[in-house]
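Visitor: File name protein_7.pdb; file contents PDB, C-alpha atoms, pLDDT in the B column; full text below.
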ATOM      1  CA  MET P 951     -29.005  55.743 -47.056  1.00 45.00           C
ATOM      2  CA  ASN P 952     -32.717  55.289 -46.448  1.00 46.00           C
ATOM      3  CA  VAL P 953     -34.349  55.811 -43.070  1.00 41.00           C
ATOM      4  CA  ASP P 954     -35.092  52.112 -42.485  1.00 48.00           C
ATOM      5  CA  LYS P 955     -31.478  51.082 -43.122  1.00 48.00           C
ATOM      6  CA  ALA P 956     -30.119  53.877 -40.903  1.00 45.00           C
ATOM      7  CA  SER P 957     -32.523  52.897 -38.147  1.00 44.00           C
ATOM      8  CA  SER P 958     -31.412  49.271 -38.421  1.00 47.00           C
ATOM      9  CA  ILE P 959     -27.742  50.239 -38.123  1.00 45.00           C
ATOM     10  CA  ASN P 960     -28.478  52.406 -35.074  1.00 46.00           C
ATOM     11  CA  ARG P 961     -30.249  49.502 -33.385  1.00 45.00           C
ATOM     12  CA  ILE P 962     -27.213  47.292 -34.028  1.00 49.00           C
ATOM     13  CA  LYS P 963     -24.888  49.933 -32.570  1.00 53.00           C
ATOM     14  CA  ILE P 964     -27.077  50.362 -29.517  1.00 58.00           C
ATOM     15  CA  GLY P 965     -27.150  46.576 -29.191  1.00 85.00           C
ATOM     16  CA  TRP P 966     -23.413  46.055 -28.896  1.00 84.00           C
ATOM     17  CA  LYS P 967     -22.975  49.127 -26.719  1.00 88.00           C
ATOM     18  CA  LEU P 968     -25.662  47.865 -24.361  1.00 92.00           C
ATOM     19  CA  ARG P 969     -24.061  44.403 -24.241  1.00 93.00           C
ATOM     20  CA  HIS P 970     -20.708  45.931 -23.331  1.00 94.00           C
ATOM     21  CA  LEU P 971     -22.314  47.982 -20.570  1.00 94.00           C
ATOM     22  CA  VAL P 972     -24.257  45.038 -19.143  1.00 95.00           C
ATOM     23  CA  ILE P 973     -21.263  42.678 -19.131  1.00 96.00           C
ATOM     24  CA  LEU P 974     -19.065  45.402 -17.621  1.00 96.00           C
ATOM     25  CA  ILE P 975     -21.578  45.864 -14.797  1.00 97.00           C
ATOM     26  CA  ILE P 976     -21.822  42.091 -14.289  1.00 97.00           C
ATOM     27  CA  ALA P 977     -18.015  41.817 -14.223  1.00 97.00           C
ATOM     28  CA  GLY P 978     -17.742  44.567 -11.614  1.00 97.00           C
ATOM     29  CA  LEU P 979     -20.565  43.242  -9.454  1.00 97.00           C
ATOM     30  CA  GLY P 980     -19.307  39.666  -9.697  1.00 97.00           C
ATOM     31  CA  THR P 981     -15.785  40.682  -8.708  1.00 97.00           C
ATOM     32  CA  TYR P 982     -17.176  42.626  -5.740  1.00 96.00           C
ATOM     33  CA  LEU P 983     -19.147  39.592  -4.565  1.00 96.00           C
ATOM     34  CA  PHE P 984     -16.095  37.346  -4.896  1.00 96.00           C
ATOM     35  CA  VAL P 985     -14.113  39.837  -2.785  1.00 94.00           C
ATOM     36  CA  LYS P 986     -16.822  39.882  -0.108  1.00 94.00           C
ATOM     37  CA  SER P 987     -16.877  36.070  -0.036  1.00 92.00           C
ATOM     38  CA  ARG P 988     -13.269  35.918   1.146  1.00 89.00           C
ATOM     39  CA  ILE P 989     -13.025  38.557   3.845  1.00 86.00           C
ATOM     40  CA  GLY P 990     -10.029  37.722   6.020  1.00 84.00           C
ATOM     41  CA  TRP P 991      -7.696  36.833   3.180  1.00 87.00           C
ATOM     42  CA  SER P 992      -4.654  38.993   2.460  1.00 87.00           C
ATOM     43  CA  GLU P 993      -5.498  41.879   0.152  1.00 89.00           C
ATOM     44  CA  MET P 994      -3.331  40.500  -2.653  1.00 89.00           C
ATOM     45  CA  HIS P 995      -4.932  37.055  -2.660  1.00 88.00           C
ATOM     46  CA  LEU P 996      -8.364  38.590  -2.094  1.00 90.00           C
ATOM     47  CA  TRP P 997      -8.310  40.643  -5.294  1.00 94.00           C
ATOM     48  CA  ASN P 998      -6.131  38.218  -7.231  1.00 93.00           C
ATOM     49  CA  ARG P 999      -8.637  35.399  -6.801  1.00 93.00           C
ATOM     50  CA  ALA P1000     -11.749  37.578  -7.117  1.00 95.00           C
ATOM     51  CA  VAL P1001     -10.671  39.005 -10.469  1.00 97.00           C
ATOM     52  CA  GLY P1002      -9.427  35.636 -11.695  1.00 96.00           C
ATOM     53  CA  ASP P1003     -12.617  33.845 -10.670  1.00 96.00           C
ATOM     54  CA  MET P1004     -14.855  36.384 -12.390  1.00 97.00           C
ATOM     55  CA  GLY P1005     -12.754  36.162 -15.522  1.00 97.00           C
ATOM     56  CA  LEU P1006     -13.182  32.382 -15.437  1.00 97.00           C
ATOM     57  CA  VAL P1007     -16.961  32.739 -15.112  1.00 97.00           C
ATOM     58  CA  LEU P1008     -17.151  35.091 -18.109  1.00 97.00           C
ATOM     59  CA  ILE P1009     -14.986  32.858 -20.309  1.00 97.00           C
ATOM     60  CA  ALA P1010     -17.116  29.860 -19.326  1.00 97.00           C
ATOM     61  CA  SER P1011     -20.218  31.871 -20.208  1.00 96.00           C
ATOM     62  CA  SER P1012     -18.857  32.694 -23.653  1.00 95.00           C
ATOM     63  CA  ILE P1013     -18.335  28.974 -24.267  1.00 95.00           C
ATOM     64  CA  VAL P1014     -21.624  27.547 -22.984  1.00 96.00           C
ATOM     65  CA  LEU P1015     -23.846  29.945 -24.962  1.00 95.00           C
ATOM     66  CA  GLY P1016     -23.002  28.107 -28.174  1.00 93.00           C
ATOM     67  CA  PRO P1017     -24.005  24.620 -26.951  1.00 95.00           C
ATOM     68  CA  LEU P1018     -27.095  26.061 -25.231  1.00 96.00           C
ATOM     69  CA  ALA P1019     -28.246  27.645 -28.504  1.00 94.00           C
ATOM     70  CA  ARG P1020     -27.664  24.375 -30.344  1.00 93.00           C
ATOM     71  CA  LEU P1021     -29.661  22.410 -27.767  1.00 94.00           C
ATOM     72  CA  TRP P1022     -32.509  24.887 -27.281  1.00 93.00           C
ATOM     73  CA  LYS P1023     -33.537  27.441 -29.915  1.00 92.00           C
ATOM     74  CA  MET P1024     -34.668  29.983 -27.316  1.00 93.00           C
ATOM     75  CA  PHE P1025     -30.988  30.545 -26.378  1.00 93.00           C
ATOM     76  CA  ARG P1026     -30.046  31.653 -29.909  1.00 92.00           C
ATOM     77  CA  ILE P1027     -30.817  35.225 -28.917  1.00 92.00           C
ATOM     78  CA  THR P1028     -27.887  35.058 -26.462  1.00 92.00           C
ATOM     79  CA  LEU P1029     -25.257  34.186 -29.101  1.00 92.00           C
ATOM     80  CA  PRO P1030     -24.121  37.823 -29.672  1.00 92.00           C
ATOM     81  CA  TRP P1031     -23.245  38.007 -25.956  1.00 94.00           C
ATOM     82  CA  ARG P1032     -20.423  35.492 -26.414  1.00 94.00           C
ATOM     83  CA  ARG P1033     -18.190  38.226 -27.799  1.00 93.00           C
ATOM     84  CA  GLU P1034     -18.529  40.598 -24.822  1.00 95.00           C
ATOM     85  CA  CYS P1035     -18.233  37.771 -22.269  1.00 96.00           C
ATOM     86  CA  GLY P1036     -14.981  36.656 -23.859  1.00 95.00           C
ATOM     87  CA  ILE P1037     -13.531  40.146 -24.156  1.00 96.00           C
ATOM     88  CA  TYR P1038     -14.158  41.089 -20.523  1.00 97.00           C
ATOM     89  CA  GLY P1039     -13.079  37.645 -19.355  1.00 97.00           C
ATOM     90  CA  VAL P1040      -9.683  38.263 -20.970  1.00 97.00           C
ATOM     91  CA  LEU P1041      -9.498  41.826 -19.597  1.00 97.00           C
ATOM     92  CA  LEU P1042     -10.041  40.452 -16.089  1.00 97.00           C
ATOM     93  CA  ALA P1043      -7.329  37.864 -16.754  1.00 96.00           C
ATOM     94  CA  ILE P1044      -4.946  40.707 -17.638  1.00 97.00           C
ATOM     95  CA  ILE P1045      -5.785  42.495 -14.372  1.00 97.00           C
ATOM     96  CA  HIS P1046      -5.348  39.177 -12.529  1.00 96.00           C
ATOM     97  CA  THR P1047      -1.851  38.857 -14.052  1.00 95.00           C
ATOM     98  CA  VAL P1048      -0.861  42.432 -13.179  1.00 96.00           C
ATOM     99  CA  ILE P1049      -1.900  41.904  -9.540  1.00 95.00           C
ATOM    100  CA  ILE P1050       0.311  38.800  -9.362  1.00 92.00           C
ATOM    101  CA  LEU P1051       3.273  40.561 -10.975  1.00 93.00           C
ATOM    102  CA  ASP P1052       2.990  43.660  -8.823  1.00 92.00           C
ATOM    103  CA  SER P1053       1.902  42.272  -5.457  1.00 89.00           C
ATOM    104  CA  TRP P1054       3.023  38.633  -5.344  1.00 85.00           C
ATOM    105  CA  ILE P1055       6.350  38.373  -7.178  1.00 87.00           C
ATOM    106  CA  LYS P1056       7.158  42.128  -7.145  1.00 88.00           C
ATOM    107  CA  TRP P1057       8.081  42.105 -10.856  1.00 91.00           C
ATOM    108  CA  ASP P1058      10.839  39.543 -10.244  1.00 89.00           C
ATOM    109  CA  LEU P1059       9.939  37.673 -13.420  1.00 89.00           C
ATOM    110  CA  ALA P1060      12.094  34.640 -12.603  1.00 90.00           C
ATOM    111  CA  GLN P1061       9.741  33.848  -9.720  1.00 89.00           C
ATOM    112  CA  ILE P1062       6.756  33.472 -11.990  1.00 90.00           C
ATOM    113  CA  PHE P1063       8.536  30.441 -13.500  1.00 89.00           C
ATOM    114  CA  GLY P1064       9.220  28.905 -10.079  1.00 86.00           C
ATOM    115  CA  TYR P1065      12.740  30.240  -9.523  1.00 88.00           C
ATOM    116  CA  MET P1066      13.774  31.781  -6.206  1.00 85.00           C
ATOM    117  CA  LEU P1067      16.885  33.759  -5.352  1.00 82.00           C
ATOM    118  CA  HIS P1068      19.081  31.641  -3.060  1.00 80.00           C
ATOM    119  CA  PRO P1069      20.404  33.862  -0.242  1.00 81.00           C
ATOM    120  CA  GLN P1070      23.762  32.065   0.041  1.00 80.00           C
ATOM    121  CA  THR P1071      24.683  31.654  -3.616  1.00 80.00           C
ATOM    122  CA  ALA P1072      22.876  34.781  -4.870  1.00 78.00           C
ATOM    123  CA  GLN P1073      21.675  32.674  -7.785  1.00 85.00           C
ATOM    124  CA  TYR P1074      18.208  31.651  -8.875  1.00 86.00           C
ATOM    125  CA  VAL P1075      17.268  28.050  -8.175  1.00 88.00           C
ATOM    126  CA  MET P1076      14.152  26.128  -9.140  1.00 85.00           C
ATOM    127  CA  LEU P1077      12.024  25.559  -6.047  1.00 82.00           C
ATOM    128  CA  LEU P1078       8.383  25.709  -7.168  1.00 83.00           C
ATOM    129  CA  HIS P1079       8.092  23.368 -10.134  1.00 84.00           C
ATOM    130  CA  GLY P1080       4.296  23.212 -10.141  1.00 87.00           C
ATOM    131  CA  PHE P1081       3.954  26.951  -9.629  1.00 89.00           C
ATOM    132  CA  GLY P1082       6.224  27.634 -12.588  1.00 90.00           C
ATOM    133  CA  LEU P1083       4.482  25.176 -14.913  1.00 93.00           C
ATOM    134  CA  ALA P1084       1.014  26.426 -13.957  1.00 93.00           C
ATOM    135  CA  ASN P1085       2.108  29.998 -14.636  1.00 94.00           C
ATOM    136  CA  VAL P1086       3.563  29.074 -18.029  1.00 94.00           C
ATOM    137  CA  ILE P1087       0.184  27.548 -18.912  1.00 96.00           C
ATOM    138  CA  GLY P1088      -1.496  30.697 -17.623  1.00 95.00           C
ATOM    139  CA  ILE P1089       0.776  32.937 -19.721  1.00 95.00           C
ATOM    140  CA  VAL P1090       0.073  30.905 -22.864  1.00 95.00           C
ATOM    141  CA  ALA P1091      -3.657  31.109 -22.118  1.00 95.00           C
ATOM    142  CA  LEU P1092      -3.414  34.880 -21.601  1.00 95.00           C
ATOM    143  CA  MET P1093      -1.557  35.430 -24.882  1.00 95.00           C
ATOM    144  CA  TYR P1094      -4.035  33.246 -26.722  1.00 93.00           C
ATOM    145  CA  GLY P1095      -6.957  35.008 -25.058  1.00 95.00           C
ATOM    146  CA  MET P1096      -5.616  38.427 -26.008  1.00 96.00           C
ATOM    147  CA  VAL P1097      -5.464  37.388 -29.679  1.00 94.00           C
ATOM    148  CA  LEU P1098      -9.058  36.164 -29.515  1.00 94.00           C
ATOM    149  CA  ALA P1099     -10.218  39.324 -27.715  1.00 94.00           C
ATOM    150  CA  VAL P1100      -8.483  41.685 -30.142  1.00 94.00           C
ATOM    151  CA  THR P1101     -10.072  39.920 -33.123  1.00 93.00           C
ATOM    152  CA  SER P1102     -13.553  39.707 -31.580  1.00 91.00           C
ATOM    153  CA  ASN P1103     -15.025  42.445 -33.735  1.00 89.00           C
ATOM    154  CA  ASP P1104     -16.714  42.899 -37.087  1.00 87.00           C
ATOM    155  CA  TRP P1105     -13.670  44.594 -38.650  1.00 90.00           C
ATOM    156  CA  SER P1106     -11.432  41.579 -37.938  1.00 90.00           C
ATOM    157  CA  GLN P1107     -14.126  39.236 -39.184  1.00 88.00           C
ATOM    158  CA  GLN P1108     -14.261  41.095 -42.506  1.00 88.00           C
ATOM    159  CA  LYS P1109     -10.485  41.389 -42.900  1.00 88.00           C
ATOM    160  CA  LEU P1110      -9.768  37.740 -42.055  1.00 88.00           C
ATOM    161  CA  SER P1111     -12.786  36.440 -43.996  1.00 83.00           C
ATOM    162  CA  GLY P1112     -15.516  34.476 -42.289  1.00 79.00           C
ATOM    163  CA  SER P1113     -13.932  31.005 -42.444  1.00 85.00           C
ATOM    164  CA  VAL P1114     -10.490  32.101 -41.200  1.00 89.00           C
ATOM    165  CA  TRP P1115     -11.987  34.252 -38.456  1.00 89.00           C
ATOM    166  CA  LYS P1116     -14.273  31.421 -37.336  1.00 87.00           C
ATOM    167  CA  TYR P1117     -11.344  28.976 -37.262  1.00 88.00           C
ATOM    168  CA  LEU P1118      -9.349  31.422 -35.129  1.00 88.00           C
ATOM    169  CA  GLN P1119     -12.220  32.031 -32.711  1.00 88.00           C
ATOM    170  CA  GLN P1120     -12.777  28.298 -32.239  1.00 86.00           C
ATOM    171  CA  GLY P1121      -9.488  28.407 -30.376  1.00 85.00           C
ATOM    172  CA  VAL P1122     -11.552  29.524 -27.373  1.00 90.00           C
ATOM    173  CA  TYR P1123     -11.917  25.824 -26.537  1.00 90.00           C
ATOM    174  CA  VAL P1124      -8.128  25.496 -26.310  1.00 92.00           C
ATOM    175  CA  LEU P1125      -8.099  28.650 -24.176  1.00 93.00           C
ATOM    176  CA  TRP P1126     -10.723  27.115 -21.886  1.00 95.00           C
ATOM    177  CA  MET P1127      -8.682  23.939 -21.345  1.00 95.00           C
ATOM    178  CA  LEU P1128      -5.571  25.947 -20.495  1.00 96.00           C
ATOM    179  CA  VAL P1129      -7.542  28.117 -18.054  1.00 96.00           C
ATOM    180  CA  VAL P1130      -9.034  25.036 -16.373  1.00 96.00           C
ATOM    181  CA  ILE P1131      -5.587  23.472 -15.869  1.00 96.00           C
ATOM    182  CA  HIS P1132      -4.114  26.745 -14.572  1.00 96.00           C
ATOM    183  CA  THR P1133      -7.015  27.394 -12.174  1.00 95.00           C
ATOM    184  CA  GLY P1134      -7.241  23.781 -11.044  1.00 95.00           C
ATOM    185  CA  TYR P1135      -3.605  23.777  -9.965  1.00 93.00           C
ATOM    186  CA  PHE P1136      -4.005  26.798  -7.691  1.00 91.00           C
ATOM    187  CA  LEU P1137      -7.325  25.566  -6.299  1.00 91.00           C
ATOM    188  CA  TYR P1138      -6.293  22.018  -5.464  1.00 90.00           C
ATOM    189  CA  ILE P1139      -2.507  21.646  -5.478  1.00 87.00           C
ATOM    190  CA  HIS P1140      -0.326  24.716  -4.934  1.00 82.00           C
ATOM    191  CA  PHE P1141      -1.219  25.412  -1.302  1.00 75.00           C
ATOM    192  CA  GLN P1142      -0.820  21.764  -0.242  1.00 70.00           C
ATOM    193  CA  ASP P1143       2.983  21.999   0.216  1.00 62.00           C
ATOM    194  CA  PHE P1144       3.888  19.955   3.315  1.00 53.00           C
ATOM    195  CA  HIS P1145       6.672  22.413   4.159  1.00 59.00           C
ATOM    196  CA  LYS P1146       4.091  25.130   4.778  1.00 58.00           C
ATOM    197  CA  GLU P1147       1.000  25.541   6.863  1.00 58.00           C
ATOM    198  CA  VAL P1148      -1.927  24.293   4.802  1.00 56.00           C
ATOM    199  CA  PRO P1149      -4.585  27.037   4.551  1.00 59.00           C
ATOM    200  CA  ASP P1150      -8.297  26.419   4.878  1.00 66.00           C
ATOM    201  CA  PRO P1151      -9.827  24.930   1.710  1.00 69.00           C
ATOM    202  CA  ASN P1152     -10.896  27.483  -0.860  1.00 81.00           C
ATOM    203  CA  TRP P1153     -14.704  27.451  -1.021  1.00 90.00           C
ATOM    204  CA  ALA P1154     -14.462  27.745  -4.810  1.00 91.00           C
ATOM    205  CA  GLN P1155     -13.130  24.191  -5.209  1.00 93.00           C
ATOM    206  CA  LEU P1156     -16.548  22.547  -5.491  1.00 94.00           C
ATOM    207  CA  PRO P1157     -18.198  25.313  -7.601  1.00 95.00           C
ATOM    208  CA  PHE P1158     -15.215  25.180  -9.962  1.00 96.00           C
ATOM    209  CA  ALA P1159     -15.619  21.421 -10.421  1.00 96.00           C
ATOM    210  CA  VAL P1160     -19.365  21.863 -10.998  1.00 97.00           C
ATOM    211  CA  LEU P1161     -18.755  24.642 -13.548  1.00 97.00           C
ATOM    212  CA  VAL P1162     -16.267  22.534 -15.501  1.00 97.00           C
ATOM    213  CA  GLY P1163     -18.686  19.609 -15.381  1.00 97.00           C
ATOM    214  CA  ILE P1164     -21.519  21.785 -16.737  1.00 97.00           C
ATOM    215  CA  VAL P1165     -19.388  23.067 -19.618  1.00 96.00           C
ATOM    216  CA  ILE P1166     -18.279  19.560 -20.574  1.00 96.00           C
ATOM    217  CA  SER P1167     -21.813  18.181 -20.288  1.00 96.00           C
ATOM    218  CA  LEU P1168     -23.314  20.913 -22.483  1.00 96.00           C
ATOM    219  CA  GLN P1169     -20.593  20.537 -25.107  1.00 95.00           C
ATOM    220  CA  LEU P1170     -21.075  16.767 -25.181  1.00 95.00           C
ATOM    221  CA  ALA P1171     -24.870  17.071 -25.370  1.00 95.00           C
ATOM    222  CA  ALA P1172     -24.617  19.594 -28.231  1.00 94.00           C
ATOM    223  CA  PHE P1173     -22.189  17.328 -30.080  1.00 93.00           C
ATOM    224  CA  LEU P1174     -24.468  14.305 -29.728  1.00 93.00           C
ATOM    225  CA  LYS P1175     -27.510  16.287 -30.882  1.00 90.00           C
ATOM    226  CA  THR P1176     -25.629  17.566 -33.935  1.00 86.00           C
ATOM    227  CA  TRP P1177     -24.395  14.070 -34.752  1.00 89.00           C
ATOM    228  CA  ASN P1178     -27.860  12.557 -34.365  1.00 86.00           C
ATOM    229  CA  THR P1179     -29.368  15.255 -36.567  1.00 79.00           C
ATOM    230  CA  LYS P1180     -26.859  14.618 -39.344  1.00 75.00           C
ATOM    231  CA  GLN P1181     -27.377  10.873 -39.058  1.00 71.00           C
ATOM    232  CA  SER P1182     -31.132  11.370 -39.453  1.00 70.00           C
ATOM    233  CA  PHE P1183     -30.671  13.466 -42.610  1.00 67.00           C
ATOM    234  CA  GLN P1184     -28.411  10.819 -44.158  1.00 64.00           C
ATOM    235  CA  LYS P1185     -31.013   8.076 -43.731  1.00 60.00           C
TER     236      LYS P1185
END
As C-alpha cells, what does this structure read like?

Guide:
Amino acid sequence: MNVDKASSINRIKIGWKLRHLVILIIAGLGTYLFVKSRIGWSEMHLWNRAVGDMGLVLIASSIVLGPLARLWKMFRITLPWRRECGIYGVLLAIIHTVIILDSWIKWDLAQIFGYMLHPQTAQYVMLLHGFGLANVIGIVALMYGMVLAVTSNDWSQQKLSGSVWKYLQQGVYVLWMLVVIHTGYFLYIHFQDFHKEVPDPNWAQLPFAVLVGIVISLQLAAFLKTWNTKQSFQK
C-alpha cells in the first residue's frame, strides 16, 4: 500500500470517528437542554420526553440532509452525517423505550398495549386504546429503526450490494412517518383524557409541528426540483 492511499484511508477513518464524536456530543447536549426545559415534571416524564425528543431531532436531521443537498450543492458535504444522525437517533429511541418499560409500566408488558389489571376480576382489560395503538406504532418504528441502524455501515453496504442496501435504507421515510404518528399522539392526544386532570400544554407541540412541516416542505421541494430537471433533459 502506497503512502498516498494509506493517508487517504486514515483521513476517512478519522472522518467517521469525528462524526460519531460530534453527533454523540450533540445528542448529549441536546438531551440536557430538553431536560432543563421541563423542570418541574416528574423525573420519569422529564427524561422520557427529553431522550425521545432528541432522538426525533436526530432522525429528522438524517432525513432533511438529503433534500438539502439536492436543493443546494453546498449541503452535499453534509451527506455523510446522515448515517451518524440516524444511528444515534435510534439509540436514543432505545433508551426512551427502556425508560418507559422500567419507570412507567414497570415491565408489565400488557400495559404497553393499553391493558390494565382490573382489581376486582384480576384480569387484564383494555382501557387505553390510543395508548396501546400508539405504542404498537412506536414498537414497529423502533424495530425498523434498529434494522436501519445496524446496516448503516460500509460492511453491510458491500454485503447487501449497493442497490439492495440503498432500497433498505430508503425505509427511513417509513420510519419517519411512524415516529411522527407516535410522537404526535403523545403530544396532542394522550393527556387530554376527560377522566383525568389535563396537564399544561407541552411546549414542544408547536416546534414539533414546525419540524414536521419543514421536513415535508424540503422533501416536496427536492422532488419538484428533480422532476423539473428531468423534464428539462427530456425536451

Visitor: Go through the shown structure with the PyMOL selection byres ((chain P and resi 1161) around 12) and write out the matching residues as a CSV table (one decimal) with C-alpha atoms, in the frame of the given file.

Guide:
chain,number,residue,atom,x,y,z
P,1003,ASP,CA,-12.6,33.8,-10.7
P,1006,LEU,CA,-13.2,32.4,-15.4
P,1007,VAL,CA,-17.0,32.7,-15.1
P,1008,LEU,CA,-17.2,35.1,-18.1
P,1009,ILE,CA,-15.0,32.9,-20.3
P,1010,ALA,CA,-17.1,29.9,-19.3
P,1011,SER,CA,-20.2,31.9,-20.2
P,1013,ILE,CA,-18.3,29.0,-24.3
P,1014,VAL,CA,-21.6,27.5,-23.0
P,1126,TRP,CA,-10.7,27.1,-21.9
P,1130,VAL,CA,-9.0,25.0,-16.4
P,1134,GLY,CA,-7.2,23.8,-11.0
P,1154,ALA,CA,-14.5,27.7,-4.8
P,1155,GLN,CA,-13.1,24.2,-5.2
P,1156,LEU,CA,-16.5,22.5,-5.5
P,1157,PRO,CA,-18.2,25.3,-7.6
P,1158,PHE,CA,-15.2,25.2,-10.0
P,1159,ALA,CA,-15.6,21.4,-10.4
P,1160,VAL,CA,-19.4,21.9,-11.0
P,1162,VAL,CA,-16.3,22.5,-15.5
P,1163,GLY,CA,-18.7,19.6,-15.4
P,1164,ILE,CA,-21.5,21.8,-16.7
P,1165,VAL,CA,-19.4,23.1,-19.6
P,1166,ILE,CA,-18.3,19.6,-20.6
P,1167,SER,CA,-21.8,18.2,-20.3
P,1168,LEU,CA,-23.3,20.9,-22.5

Visitor: Which residue, P:Leu1041, P:Ala1072, P:Met994, P:Leu1098, has the smallest gap to Trp1054 of chain P when you use all atoms listed in the file?

Guide: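 Closest to Trp1054 of chain P, using all atoms listed in the file: P:Met994.
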
Visitor: Considering only C-alpha atoms, can you say which of P:Leu996, P:Ile976, P:Leu1067, P:Ile1037 comes closest to Ser1053 of chain P?

Guide: P:Leu996

Visitor: If you measure from atom CA of Ile1027 of chain P to atom CA of Phe984 of chain P, what distance in Å do you get, rounded to one decimal?

Guide: 28.3 Å

Visitor: Would you mind telling me which residue in P:Met1004, P:Leu1021, P:Leu1077, P:Leu1015 lies nearest to Thr1133 of chain P when using all atoms listed in the file?

Guide: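 Looking only at the distances to Thr1133 of chain P, the closest residue turns out to be P:Met1004.
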
Visitor: Contacts of Leu1092 of chain P at 12 Å or less, counting all atoms listed in the file, minus same-chain residues fewer than 4 places along, as a PyMOL selection string?

Guide: chain P and resi 1002+1005-1006+1009+1036-1037+1039-1048+1085-1088+1096-1099+1122+1124-1126+1128-1129+1132

Visitor: Counting all atoms listed in the file, which of P:Met1076, P:Ala1172, P:Leu979, P:Met1093 gets nearest to Ile1062 of chain P?

Guide: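 Selected residue with least distance to Ile1062 of chain P: P:Met1076.
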
Visitor: In Å, how far is it from atom CA of Ile1089 of chain P to atom CA of Pro1030 of chain P?

Guide: 27.3 Å

Visitor: Report, in Å to a single decimal, how far apart atom CA of Arg1033 of chain P and atom CA of Ala1171 of chain P are.

Guide: 22.3 Å

Visitor: So which one's closest to Arg969 of chain P, P:Asn1152, P:Ser992, P:Gln1108, P:Thr1028? Using all atoms listed in the file, please.

Guide: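 Ranked by minimum distance to Arg969 of chain P, first place goes to P:Thr1028.
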
Visitor: Counting all atoms listed in the file, which residue out of P:Trp1105, P:Tyr1138, P:Trp1031, P:Tyr1094 sits closest to Gln1120 of chain P?

Guide: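 That would be P:Tyr1094, the residue with the smallest distance to Gln1120 of chain P.
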
Visitor: Need the shell around Met1066 of chain P: protein/DNA/RNA residues with any atom at most 7 Å away, counting only C-alpha atoms. Skip same-chain ones fewer than 2 positions apart. Format as a PyMOL selection string?

Guide: chain P and resi 1061+1064+1068+1074-1077
